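Please read the structure below before turning to the comments.
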Amino acid sequence: INENGINSSDTKDDLIFWQPSIERNHSTYDRGEDDSLNNIVSEIELNSHSIMDEEIIEKEDLYYEQMLEKASENRDKITGPRPVKWRGMLSVLGGTLSHAILGSMYCWNHFISYLPRNMLFFSLTPESWQSSSPDAYVVLPMTMLFICITMPAASILYEKIGLRKSMVFGGFIMSTGVYFASLTKSLEAFLCCYCILFGSGVGLVYTASIVAAWKWFPNRKGLVTGSIFFGVGLGNLVFNLVGTAIANPNHYNVDENGEFPEEVYDNFSHMLKVLSVIYMFSHILSSLLVCNPCVEKPSLSTFADRSLATT
């Protein structure tokens with residue numbers, strides 16, 4: 001017993017009492033208590049493994065979130081084969097060519113001057129020809145009507161058979177309508193062939209190339225749309241010149257009654273036949289240029305494999 005009245009033999013036990021539990025268990029191990037030490041060691045190992053697992057899961061979740069955010073912000077930066085941009089430029093060019101053909105429908109206000117006199121009115125009496133404006137002016141509004149009718153069905157057709165086949169199918173309907181219209185001898189039959197078939201074909205083709213170009217350039221939709229619609233005005237100009245060169249190659253002027261020589265009216269049917277062939281081949285060419293970008297989306301398993309490789 002020391003001067004403070006404490007038994008020195010108990011000092012070691014008091015020190016052991018205030019040491020960490022791991023040291024106390026080592027001391028108990030020295031006393032032969034193997035089970036206690038084994039339990040503590042196994043508990044420490046389990047806790048360390050659980051902590052490591054939680055850290056790995058947190059890193060994986062963070063990596064998943066980062067990759068998904070990048071994929072949603074910019075589709076061009078996700079993993080997988082990146083689309084070649086020059087194919088996108090060809091798609092825009094194909095869309096411009098396609099809309100140049102569609103723009104030829106606005107040439108009707110010029111082509112009507114070459115329409116035979118007996119097809120200008122629903123009535124065949126010459127007295128009605130001088131009393132009112134030609135009934136043939138309804139051709140363009142009726143064509144626009146059937147364009148609007150068939151446009152909703154175009155999106156369904158794109159999903160079923162694809163953009164290229166849709167463009168070829170719509171171009172075939174357009175060309176067929178123009179060719180059949182060249183064989184008609186009355187305004188009623190002309191409206192059925194030209195307005196219904198030609199207008200329906202335009203409605204099926206109108207948005208196909210625009211949709212494809214938007215997929216190539218999702219951040220440049222305004223520029224892409226303007227570039228494609230440039231073809232509408234270009235086609236109006238070009239096909240006006242082409243139609244005039246076919247129907248009126250000698251550049252005849254109208255007489256005092258506002259009529260061309262019969263030779264010009266006889267060429268109207270031939271003009272439509274030539275245009276129908278041009279429409280068909282031009283649509284085939286434009287459909288070969290237009291395509292969708294083949295970007296492969298990475299799956300979550302790809303992200304998981306990469307996250308495990310980084311960790």
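Residues in the structure tokens are numbered from 1 in each chain, the chains being A, B, ... in the order shown, and ligands are numbered from 1 in the order shown.
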
task: Write out as a list in words each polymer residue whose atoms come within 10 Å of A:Phe172, counting only C-alpha atoms; drop sequence neighbours fewer than 6 positions from it.
output: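 Near A:Phe172, the qualifying residues are Ser166, Val178, Leu197, Phe198, Gly201, Ser276, Val277, Tyr279, Met280, Phe281, His283 and Ile284 of chain A.
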
Resulting file, chosen residues, C-alpha atoms, as a PDB file, in the first residue's frame:
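What landed in result07.pdb:
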```pdb
ATOM      1  CA  SER A 166     -41.516   6.601 -96.825  1.00  0.00           C
ATOM      2  CA  VAL A 178     -48.794  13.947-112.099  1.00  0.00           C
ATOM      3  CA  LEU A 197     -52.492  11.939-105.466  1.00  0.00           C
ATOM      4  CA  PHE A 198     -49.901  14.674-105.852  1.00  0.00           C
ATOM      5  CA  GLY A 201     -47.542  12.319-101.845  1.00  0.00           C
ATOM      6  CA  SER A 276     -43.390  13.102-113.265  1.00  0.00           C
ATOM      7  CA  VAL A 277     -40.216  11.268-114.329  1.00  0.00           C
ATOM      8  CA  TYR A 279     -39.976  13.877-109.601  1.00  0.00           C
ATOM      9  CA  MET A 280     -39.530  10.123-109.261  1.00  0.00           C
ATOM     10  CA  PHE A 281     -35.793  10.004-109.884  1.00  0.00           C
ATOM     11  CA  HIS A 283     -37.036  11.483-104.815  1.00  0.00           C
ATOM     12  CA  ILE A 284     -35.026   8.280-105.160  1.00  0.00           C
TER      13      ILE A 284
END
```

- line: With distances taken over only C-alpha atoms, the candidate from A:Tyr158, A:Lys85, A:Leu97, A:Asn292 nearest A:Ala213 is A:Asn292

message: Neighbouring residues of stretch 102-116 of chain A were defined as those with any atom within 9 Å, considering only C-alpha atoms; residues of the same chain fewer than 2 positions away were excluded. Please report them as number ranges by chain.
response: A: 97-100, 118-120, 136-137, 139-140, 143, 185, 198-199, 202, 205-206, 229, 231-240, 243-244, 247-248, 259-260, 262, 264-269, 279

Considering only helix (DSSP H, G or I) as DSSP defines it on the backbone, what residues of stretch 129-260 of chain A qualify? List them as a tab-separated table (two decimals) with C-alpha atoms, in the first residue's frame.
```
chain	number	residue	atom	x	y	z
A	129	TRP	CA	-65.20	31.22	-119.93
A	135	ASP	CA	-62.11	27.29	-111.99
A	136	ALA	CA	-58.66	25.76	-112.33
A	137	TYR	CA	-57.39	28.15	-109.67
A	138	VAL	CA	-58.78	25.72	-107.06
A	139	VAL	CA	-56.02	23.24	-107.93
A	140	LEU	CA	-53.44	24.71	-105.56
A	141	PRO	CA	-55.80	25.12	-102.54
A	142	MET	CA	-57.08	21.57	-102.99
A	143	THR	CA	-53.52	20.29	-103.20
A	144	MET	CA	-52.67	22.06	-99.95
A	145	LEU	CA	-55.76	20.54	-98.36
A	146	PHE	CA	-54.65	16.98	-99.08
A	147	ILE	CA	-51.14	17.78	-97.92
A	148	CYS	CA	-52.54	18.70	-94.51
A	149	ILE	CA	-54.76	15.62	-94.44
A	150	THR	CA	-51.94	13.16	-95.06
A	151	MET	CA	-49.29	14.78	-92.85
A	152	PRO	CA	-50.52	13.12	-89.60
A	153	ALA	CA	-50.35	9.72	-91.28
A	154	ALA	CA	-46.77	10.41	-92.36
A	155	SER	CA	-45.39	10.04	-88.82
A	156	ILE	CA	-47.01	6.61	-88.51
A	157	LEU	CA	-45.57	5.60	-91.87
A	158	TYR	CA	-42.06	6.66	-90.77
A	159	GLU	CA	-42.23	4.36	-87.76
A	160	LYS	CA	-43.57	1.43	-89.75
A	161	ILE	CA	-41.30	1.36	-92.81
A	163	LEU	CA	-37.76	7.37	-93.54
A	164	ARG	CA	-36.19	6.26	-96.81
A	165	LYS	CA	-39.00	3.95	-97.84
A	166	SER	CA	-41.52	6.60	-96.83
A	167	MET	CA	-39.83	9.15	-99.08
A	168	VAL	CA	-39.76	6.74	-102.02
A	169	PHE	CA	-43.38	5.77	-101.43
A	170	GLY	CA	-44.50	9.40	-101.21
A	171	GLY	CA	-42.47	10.30	-104.30
A	172	PHE	CA	-44.08	7.43	-106.20
A	173	ILE	CA	-47.57	8.68	-105.32
A	174	MET	CA	-46.60	12.21	-106.39
A	175	SER	CA	-45.18	11.07	-109.72
A	176	THR	CA	-48.12	8.77	-110.38
A	177	GLY	CA	-50.59	11.57	-109.74
A	178	VAL	CA	-48.79	13.95	-112.10
A	179	TYR	CA	-48.55	11.30	-114.81
A	180	PHE	CA	-52.22	10.35	-114.56
A	181	ALA	CA	-53.13	14.04	-114.61
A	187	LEU	CA	-60.92	19.59	-114.97
A	188	GLU	CA	-62.77	17.18	-112.66
A	189	ALA	CA	-60.50	14.27	-113.59
A	190	PHE	CA	-57.47	16.51	-113.36
A	191	LEU	CA	-58.38	17.50	-109.80
A	192	CYS	CA	-58.77	13.87	-108.75
A	193	CYS	CA	-55.36	12.88	-110.09
A	194	TYR	CA	-53.30	15.98	-109.45
A	195	CYS	CA	-54.78	17.31	-106.22
A	196	ILE	CA	-55.48	14.05	-104.41
A	197	LEU	CA	-52.49	11.94	-105.47
A	198	PHE	CA	-49.90	14.67	-105.85
A	199	GLY	CA	-51.02	16.40	-102.63
A	200	SER	CA	-51.04	13.15	-100.65
A	201	GLY	CA	-47.54	12.32	-101.84
A	202	VAL	CA	-46.26	15.72	-100.80
A	203	GLY	CA	-47.81	15.29	-97.34
A	204	LEU	CA	-46.07	11.94	-96.84
A	205	VAL	CA	-42.65	13.30	-97.83
A	208	ALA	CA	-39.39	13.04	-93.42
A	209	SER	CA	-36.14	14.76	-94.30
A	210	ILE	CA	-36.67	17.42	-91.62
A	211	VAL	CA	-37.04	14.79	-88.90
A	212	ALA	CA	-33.86	13.03	-90.02
A	213	ALA	CA	-31.87	16.28	-90.15
A	214	TRP	CA	-33.07	17.26	-86.67
A	215	LYS	CA	-31.67	14.01	-85.30
A	216	TRP	CA	-28.27	14.79	-86.77
A	221	LYS	CA	-32.83	22.81	-85.68
A	222	GLY	CA	-33.52	26.35	-86.88
A	223	LEU	CA	-30.54	26.39	-89.22
A	224	VAL	CA	-31.33	22.93	-90.54
A	225	THR	CA	-34.99	23.75	-91.15
A	226	GLY	CA	-34.12	26.95	-92.96
A	227	SER	CA	-31.58	25.15	-95.15
A	228	ILE	CA	-34.13	22.53	-96.14
A	229	PHE	CA	-36.92	25.05	-96.79
A	230	PHE	CA	-34.51	26.90	-99.06
A	231	GLY	CA	-35.25	24.08	-101.49
A	232	VAL	CA	-38.92	25.10	-101.70
A	233	GLY	CA	-38.08	28.48	-103.21
A	234	LEU	CA	-35.34	26.98	-105.35
A	235	GLY	CA	-37.68	24.34	-106.73
A	236	ASN	CA	-40.29	26.96	-107.53
A	237	LEU	CA	-37.73	28.86	-109.59
A	238	VAL	CA	-36.16	25.86	-111.30
A	239	PHE	CA	-39.35	24.01	-112.24
A	240	ASN	CA	-40.93	27.19	-113.56
A	241	LEU	CA	-38.05	27.40	-116.02
A	242	VAL	CA	-38.19	23.67	-116.79
A	243	GLY	CA	-41.94	23.73	-117.40
A	244	THR	CA	-41.67	26.77	-119.66
A	245	ALA	CA	-38.85	25.16	-121.64
A	246	ILE	CA	-41.01	22.08	-122.27
A	247	ALA	CA	-44.42	23.67	-122.87
```

message: Between atom CA of A:Glu263 and atom CA of A:Arg117, what is the distance in Å, rounded to a tenth?
response: 12.5 Å

- prompt: What separation in Å, quoted to one decimal, exists between atom CA of A:Gly88 and atom CA of A:Pro293?
  reply: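 Pair atom CA of A:Gly88 / atom CA of A:Pro293 returns 7.6 Å.
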
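Comparing the minimum interatomic distances between A:Arg87 and each of A:Ile278, A:Phe217, A:Pro261, A:Lys273, counting only C-alpha atoms, we find that A:Phe217 sits nearest.
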
statement: Between atom CA of A:Leu272 and atom CA of A:Phe122 lies a distance of 20.5 Å
